[in-house]
Amino acid sequence: MKNKLNGRDFITIGIFNAIGIVIYMAASFAMATTVIGGFIASGVSFMVAATVYILMAVKVKKKGVFTISGTLLGLIALSGGHLPHAVFAVIGGIICDLIIGNYESKGRMVIGYGTFALADFLGTVIPVILFGTTSFVERASKWKMSEAQINEALSYFKVSWAVGFGFITFILACIGAFVATRILKKHFEKAGVI
Amino acid sequence: MESFCEASIVFAIYMFIYFASRMTLIAMFGGYITKTTSVSEMLEALNRMKVPRSIGIPFSVLLRFVPTIKIELKALKENMKIRGIVTSRFFPLLHPIKYIEYTLVPLLMRMIKISDELSASALIRGLDSDEKRVTLTELRFRKTDLMIGLLGAFMIALMIVIQRIY
């Protein structure tokens, strides 16, 4: 009885996910305007939204919180037409729940949140790298770019860069989760909310 | 050097259009559903599609609360200006971390209180029971829905054909 999610928990999850998704969208859009921002947008937005997700996880100390969060994020991504992003978000949520387990230690929460952000990053970047090369070449030939420019632009699409950026995303999200636990201790435990 | 600048600018525009198209489409879709659908209609529609309650309830709450978040953020910003904490308009850019902390923590406190009130009112209306629900909203699949669905599928097929030809 104690371990199943009730109606109260569903409403809490829904409300905090609303804030989290709004922050994720705002941060992603702000980061995408720069050249390099498209690759670290996932990490930075999850770093800013870490407080919301960690607070939600600590308030509802049951299994399944991140699964539902991943599914909601995936639904929103699906309504934008990005199927791999949605699938990766759901899988990331399930893996994050498995890592967190029973909410015993804070370290596991930080690492679990990092994998959640990493799965979201993979969902946005892997389609661009796998399928983007061919479509970019087609479109670039229509824009009449020269051969050297196409090769230079394609040099950004390497797999090693993706691995590097994935690592950076994981580190950023872990930093965000760690700062979130400090903010929780500073403000929310004094107020007696947790 | 010049070709590098050009290539990176083109790449930046490419990524910007990718993200902007994604966000605009999602924002339009979300805004439309938020303005036209009430919470009970959304819950009943998801229930009929046999979506489990663990996804249906958070999704409906999410749609209902995005406008509330906007209103609360506006109230918070006015509050900060009145109390003299945020003095200039460039405060978010100069001290980003402090700004995030000043905005997020009160917003989360408000949201905790709102979620407690909302879940109390929903539990009294029997959100948690496993019985079969009876609702007052009428949901039917009429001919108009079928025609619009077919029109949408036809547009998608047309787009794919046009991209192949061009």
# chains A, B, ... in the order shown; residues from 1 in each chain; ligands from 1
call {"tool": "residues_around", "arguments": {"residues": "Ile183 (chain A)", "least_positions_apart": "5", "cutoff": "12 Å", "atoms": "only C-alpha atoms", "output": "list in words"}}
result
Ala50, Thr51, Val52, Ile54, Leu55, Gly176, Ala177, Phe178, Phe188, Glu189 and Lys190 of chain A; Ile97, Lys98, Ile100, Glu101, Tyr102, Leu104, Val105 and Leu108 of chain B
call {"tool": "write_last_selection", "arguments": {"atoms": "N, CA and C atoms", "output": "compact mmCIF listing (two decimals), in the first residue's frame"}}
result
# COMPACT_ATOMS: atom_id res chain seq x y z
N ALA A 50 16.95 21.04 -12.73
CA ALA A 50 17.23 19.95 -11.80
C ALA A 50 16.48 20.12 -10.49
N THR A 51 16.36 21.39 -10.04
CA THR A 51 15.69 21.63 -8.76
C THR A 51 14.28 21.07 -8.77
N VAL A 52 13.59 21.31 -9.87
CA VAL A 52 12.20 20.90 -9.96
C VAL A 52 12.07 19.38 -9.91
N ILE A 54 14.29 17.11 -8.84
CA ILE A 54 14.75 16.49 -7.59
C ILE A 54 13.74 16.75 -6.48
N LEU A 55 13.15 17.95 -6.46
CA LEU A 55 12.13 18.22 -5.44
C LEU A 55 10.94 17.29 -5.61
N GLY A 176 23.98 20.03 -11.82
CA GLY A 176 22.66 20.60 -11.53
C GLY A 176 21.95 19.88 -10.41
N ALA A 177 22.00 18.54 -10.44
CA ALA A 177 21.32 17.77 -9.40
C ALA A 177 21.98 17.99 -8.05
N PHE A 178 23.32 18.09 -8.04
CA PHE A 178 24.01 18.32 -6.77
C PHE A 178 23.65 19.67 -6.19
N PHE A 188 14.14 24.25 1.57
CA PHE A 188 12.90 23.51 1.72
C PHE A 188 12.86 22.67 2.98
N GLU A 189 14.01 22.28 3.51
CA GLU A 189 13.94 21.53 4.74
C GLU A 189 13.62 22.41 5.92
N LYS A 190 14.10 23.68 5.85
CA LYS A 190 13.76 24.59 6.94
C LYS A 190 12.28 24.87 6.98
N ILE B 97 22.61 33.21 -11.74
CA ILE B 97 22.34 32.18 -10.74
C ILE B 97 21.43 32.73 -9.64
N LYS B 98 21.71 33.96 -9.22
CA LYS B 98 20.86 34.54 -8.17
C LYS B 98 19.44 34.72 -8.67
N ILE B 100 17.89 32.97 -10.94
CA ILE B 100 17.20 31.67 -10.99
C ILE B 100 16.76 31.27 -9.59
N GLU B 101 17.64 31.50 -8.60
CA GLU B 101 17.25 31.10 -7.24
C GLU B 101 16.09 31.95 -6.74
N TYR B 102 16.13 33.27 -7.01
CA TYR B 102 15.04 34.13 -6.52
C TYR B 102 13.73 33.81 -7.19
N LEU B 104 12.96 30.62 -8.84
CA LEU B 104 12.51 29.24 -8.75
C LEU B 104 11.97 28.87 -7.38
N VAL B 105 12.66 29.28 -6.31
CA VAL B 105 12.28 28.77 -5.00
C VAL B 105 10.88 29.24 -4.57
N LEU B 108 8.33 27.28 -6.63
CA LEU B 108 8.13 25.91 -6.21
C LEU B 108 7.33 25.84 -4.91
call {"tool": "interface_residues", "arguments": {"of": "chain B", "to": "chain A", "cutoff": "9 Å", "atoms": "only C-alpha atoms", "output": "ChimeraX atom specification"}}
result
/B:3-4,6-13,15-26,29-30,53-55,57-66,69,100-101,104-105,108-109,111-112,114-116,118-120,122-123,127-129
call {"tool": "closest_residue", "arguments": {"among": "A:Thr169, A:Val159, A:Ala57, A:Glu104", "to": "Asp120 (chain A)", "atoms": "only C-alpha atoms"}}
result
A:Thr169
call {"tool": "residues_around", "arguments": {"residues": "Ala89 (chain A)", "least_positions_apart": "2", "cutoff": "6 Å", "atoms": "only C-alpha atoms", "output": "list in words"}}
result
Gly70, Gly74, Ala86, Val87, Ile91, Gly92 and Asp120 of chain A
call {"tool": "atom_distance", "arguments": {"atom1": "CA of Arg140 (chain B)", "atom2": "CA of Glu41 (chain B)"}}
result
11.5 Å
call {"tool": "atom_distance", "arguments": {"atom1": "CA of Met47 (chain A)", "atom2": "CA of Pro127 (chain A)"}}
result
22.7 Å
call {"tool": "decode", "arguments": {"residues": "region 2-117 of chain B", "atoms": "C-alpha atoms", "output": "PDB file, in the first residue's frame"}}
result
ATOM      1  CA  GLU B   2      36.074  32.969 -44.520  1.00  0.00           C
ATOM      2  CA  SER B   3      34.685  29.637 -45.623  1.00  0.00           C
ATOM      3  CA  PHE B   4      34.801  28.450 -42.021  1.00  0.00           C
ATOM      4  CA  CYS B   5      32.753  31.456 -40.934  1.00  0.00           C
ATOM      5  CA  GLU B   6      30.249  30.890 -43.689  1.00  0.00           C
ATOM      6  CA  ALA B   7      29.938  27.190 -42.976  1.00  0.00           C
ATOM      7  CA  SER B   8      29.456  27.747 -39.279  1.00  0.00           C
ATOM      8  CA  ILE B   9      26.855  30.452 -39.891  1.00  0.00           C
ATOM      9  CA  VAL B  10      24.931  28.139 -42.185  1.00  0.00           C
ATOM     10  CA  PHE B  11      25.180  25.384 -39.604  1.00  0.00           C
ATOM     11  CA  ALA B  12      23.956  27.741 -36.891  1.00  0.00           C
ATOM     12  CA  ILE B  13      20.982  28.771 -39.013  1.00  0.00           C
ATOM     13  CA  TYR B  14      20.248  25.109 -39.731  1.00  0.00           C
ATOM     14  CA  MET B  15      20.217  24.183 -36.051  1.00  0.00           C
ATOM     15  CA  PHE B  16      18.232  27.296 -35.165  1.00  0.00           C
ATOM     16  CA  ILE B  17      15.535  26.481 -37.714  1.00  0.00           C
ATOM     17  CA  TYR B  18      15.455  22.889 -36.459  1.00  0.00           C
ATOM     18  CA  PHE B  19      14.869  23.951 -32.866  1.00  0.00           C
ATOM     19  CA  ALA B  20      12.592  26.881 -33.665  1.00  0.00           C
ATOM     20  CA  SER B  21      10.313  24.738 -35.807  1.00  0.00           C
ATOM     21  CA  ARG B  22      10.102  22.165 -33.053  1.00  0.00           C
ATOM     22  CA  MET B  23       9.280  24.700 -30.329  1.00  0.00           C
ATOM     23  CA  THR B  24       6.802  26.695 -32.382  1.00  0.00           C
ATOM     24  CA  LEU B  25       4.874  23.633 -33.423  1.00  0.00           C
ATOM     25  CA  ILE B  26       4.699  22.282 -29.904  1.00  0.00           C
ATOM     26  CA  ALA B  27       3.718  25.673 -28.501  1.00  0.00           C
ATOM     27  CA  MET B  28       0.904  26.076 -31.026  1.00  0.00           C
ATOM     28  CA  PHE B  29      -0.393  22.589 -30.389  1.00  0.00           C
ATOM     29  CA  GLY B  30      -0.241  23.024 -26.623  1.00  0.00           C
ATOM     30  CA  GLY B  31      -1.835  26.463 -26.666  1.00  0.00           C
ATOM     31  CA  TYR B  32      -4.734  25.291 -28.771  1.00  0.00           C
ATOM     32  CA  ILE B  33      -5.483  22.277 -26.617  1.00  0.00           C
ATOM     33  CA  THR B  34      -5.202  24.356 -23.446  1.00  0.00           C
ATOM     34  CA  LYS B  35      -7.717  26.903 -24.613  1.00  0.00           C
ATOM     35  CA  THR B  36     -10.389  24.581 -25.960  1.00  0.00           C
ATOM     36  CA  THR B  37     -10.395  21.463 -23.806  1.00  0.00           C
ATOM     37  CA  SER B  38     -11.517  21.264 -20.187  1.00  0.00           C
ATOM     38  CA  VAL B  39      -9.944  18.913 -17.703  1.00  0.00           C
ATOM     39  CA  SER B  40     -12.877  16.514 -17.463  1.00  0.00           C
ATOM     40  CA  GLU B  41     -13.118  16.163 -21.245  1.00  0.00           C
ATOM     41  CA  MET B  42      -9.406  15.429 -21.451  1.00  0.00           C
ATOM     42  CA  LEU B  43      -9.536  12.846 -18.659  1.00  0.00           C
ATOM     43  CA  GLU B  44     -12.552  11.110 -20.199  1.00  0.00           C
ATOM     44  CA  ALA B  45     -11.006  11.053 -23.678  1.00  0.00           C
ATOM     45  CA  LEU B  46      -7.774   9.549 -22.384  1.00  0.00           C
ATOM     46  CA  ASN B  47      -9.712   7.060 -20.289  1.00  0.00           C
ATOM     47  CA  ARG B  48     -11.700   5.879 -23.297  1.00  0.00           C
ATOM     48  CA  MET B  49      -8.531   5.377 -25.276  1.00  0.00           C
ATOM     49  CA  LYS B  50      -7.458   3.008 -22.510  1.00  0.00           C
ATOM     50  CA  VAL B  51      -4.507   5.164 -21.566  1.00  0.00           C
ATOM     51  CA  PRO B  52      -3.534   4.198 -17.997  1.00  0.00           C
ATOM     52  CA  ARG B  53      -4.452   6.596 -15.234  1.00  0.00           C
ATOM     53  CA  SER B  54      -0.830   7.079 -14.261  1.00  0.00           C
ATOM     54  CA  ILE B  55      -0.217   8.926 -17.533  1.00  0.00           C
ATOM     55  CA  GLY B  56      -3.648  10.446 -18.107  1.00  0.00           C
ATOM     56  CA  ILE B  57      -3.947  12.345 -14.829  1.00  0.00           C
ATOM     57  CA  PRO B  58      -0.500  14.007 -14.942  1.00  0.00           C
ATOM     58  CA  PHE B  59      -1.036  14.934 -18.576  1.00  0.00           C
ATOM     59  CA  SER B  60      -4.355  16.666 -17.887  1.00  0.00           C
ATOM     60  CA  VAL B  61      -2.916  18.459 -14.866  1.00  0.00           C
ATOM     61  CA  LEU B  62       0.034  19.561 -16.999  1.00  0.00           C
ATOM     62  CA  LEU B  63      -2.238  21.090 -19.611  1.00  0.00           C
ATOM     63  CA  ARG B  64      -4.349  22.809 -17.028  1.00  0.00           C
ATOM     64  CA  PHE B  65      -1.463  24.337 -15.119  1.00  0.00           C
ATOM     65  CA  VAL B  66       0.745  25.915 -17.756  1.00  0.00           C
ATOM     66  CA  PRO B  67      -1.365  29.126 -17.815  1.00  0.00           C
ATOM     67  CA  THR B  68      -1.333  29.181 -14.009  1.00  0.00           C
ATOM     68  CA  ILE B  69       2.467  29.046 -14.052  1.00  0.00           C
ATOM     69  CA  LYS B  70       2.579  32.044 -16.356  1.00  0.00           C
ATOM     70  CA  ILE B  71       0.313  34.033 -14.041  1.00  0.00           C
ATOM     71  CA  GLU B  72       2.365  33.105 -10.983  1.00  0.00           C
ATOM     72  CA  LEU B  73       5.618  34.059 -12.709  1.00  0.00           C
ATOM     73  CA  LYS B  74       4.198  37.452 -13.571  1.00  0.00           C
ATOM     74  CA  ALA B  75       3.074  38.016  -9.982  1.00  0.00           C
ATOM     75  CA  LEU B  76       6.529  36.985  -8.742  1.00  0.00           C
ATOM     76  CA  LYS B  77       8.280  39.410 -11.053  1.00  0.00           C
ATOM     77  CA  GLU B  78       6.090  42.284  -9.920  1.00  0.00           C
ATOM     78  CA  ASN B  79       6.709  41.294  -6.332  1.00  0.00           C
ATOM     79  CA  MET B  80      10.457  41.338  -6.844  1.00  0.00           C
ATOM     80  CA  LYS B  81      10.288  44.745  -8.433  1.00  0.00           C
ATOM     81  CA  ILE B  82       8.174  46.183  -5.619  1.00  0.00           C
ATOM     82  CA  ARG B  83      10.483  44.874  -2.938  1.00  0.00           C
ATOM     83  CA  GLY B  84      13.486  46.341  -4.699  1.00  0.00           C
ATOM     84  CA  ILE B  85      15.370  43.075  -5.064  1.00  0.00           C
ATOM     85  CA  VAL B  86      15.606  43.256  -8.832  1.00  0.00           C
ATOM     86  CA  THR B  87      16.650  46.787  -9.580  1.00  0.00           C
ATOM     87  CA  SER B  88      17.560  46.982 -13.242  1.00  0.00           C
ATOM     88  CA  ARG B  89      16.219  45.293 -16.301  1.00  0.00           C
ATOM     89  CA  PHE B  90      19.528  43.546 -16.916  1.00  0.00           C
ATOM     90  CA  PHE B  91      19.604  41.757 -13.593  1.00  0.00           C
ATOM     91  CA  PRO B  92      18.964  38.315 -15.144  1.00  0.00           C
ATOM     92  CA  LEU B  93      21.961  38.703 -17.396  1.00  0.00           C
ATOM     93  CA  LEU B  94      24.334  40.047 -14.769  1.00  0.00           C
ATOM     94  CA  HIS B  95      23.540  37.616 -11.960  1.00  0.00           C
ATOM     95  CA  PRO B  96      21.940  34.596 -13.623  1.00  0.00           C
ATOM     96  CA  ILE B  97      22.344  32.178 -10.738  1.00  0.00           C
ATOM     97  CA  LYS B  98      20.859  34.537  -8.168  1.00  0.00           C
ATOM     98  CA  TYR B  99      17.989  35.336 -10.498  1.00  0.00           C
ATOM     99  CA  ILE B 100      17.203  31.674 -10.987  1.00  0.00           C
ATOM    100  CA  GLU B 101      17.251  31.102  -7.243  1.00  0.00           C
ATOM    101  CA  TYR B 102      15.045  34.125  -6.521  1.00  0.00           C
ATOM    102  CA  THR B 103      12.534  33.006  -9.121  1.00  0.00           C
ATOM    103  CA  LEU B 104      12.506  29.242  -8.754  1.00  0.00           C
ATOM    104  CA  VAL B 105      12.277  28.768  -4.995  1.00  0.00           C
ATOM    105  CA  PRO B 106       9.148  30.897  -4.375  1.00  0.00           C
ATOM    106  CA  LEU B 107       7.551  29.434  -7.488  1.00  0.00           C
ATOM    107  CA  LEU B 108       8.129  25.912  -6.211  1.00  0.00           C
ATOM    108  CA  MET B 109       6.746  26.814  -2.789  1.00  0.00           C
ATOM    109  CA  ARG B 110       3.592  28.163  -4.438  1.00  0.00           C
ATOM    110  CA  MET B 111       3.322  25.047  -6.549  1.00  0.00           C
ATOM    111  CA  ILE B 112       3.577  22.774  -3.524  1.00  0.00           C
ATOM    112  CA  LYS B 113       0.719  24.608  -1.885  1.00  0.00           C
ATOM    113  CA  ILE B 114      -1.353  24.571  -5.076  1.00  0.00           C
ATOM    114  CA  SER B 115      -0.759  20.870  -5.553  1.00  0.00           C
ATOM    115  CA  ASP B 116      -1.889  20.119  -2.008  1.00  0.00           C
ATOM    116  CA  GLU B 117      -5.105  22.075  -2.477  1.00  0.00           C
TER     117      GLU B 117
END
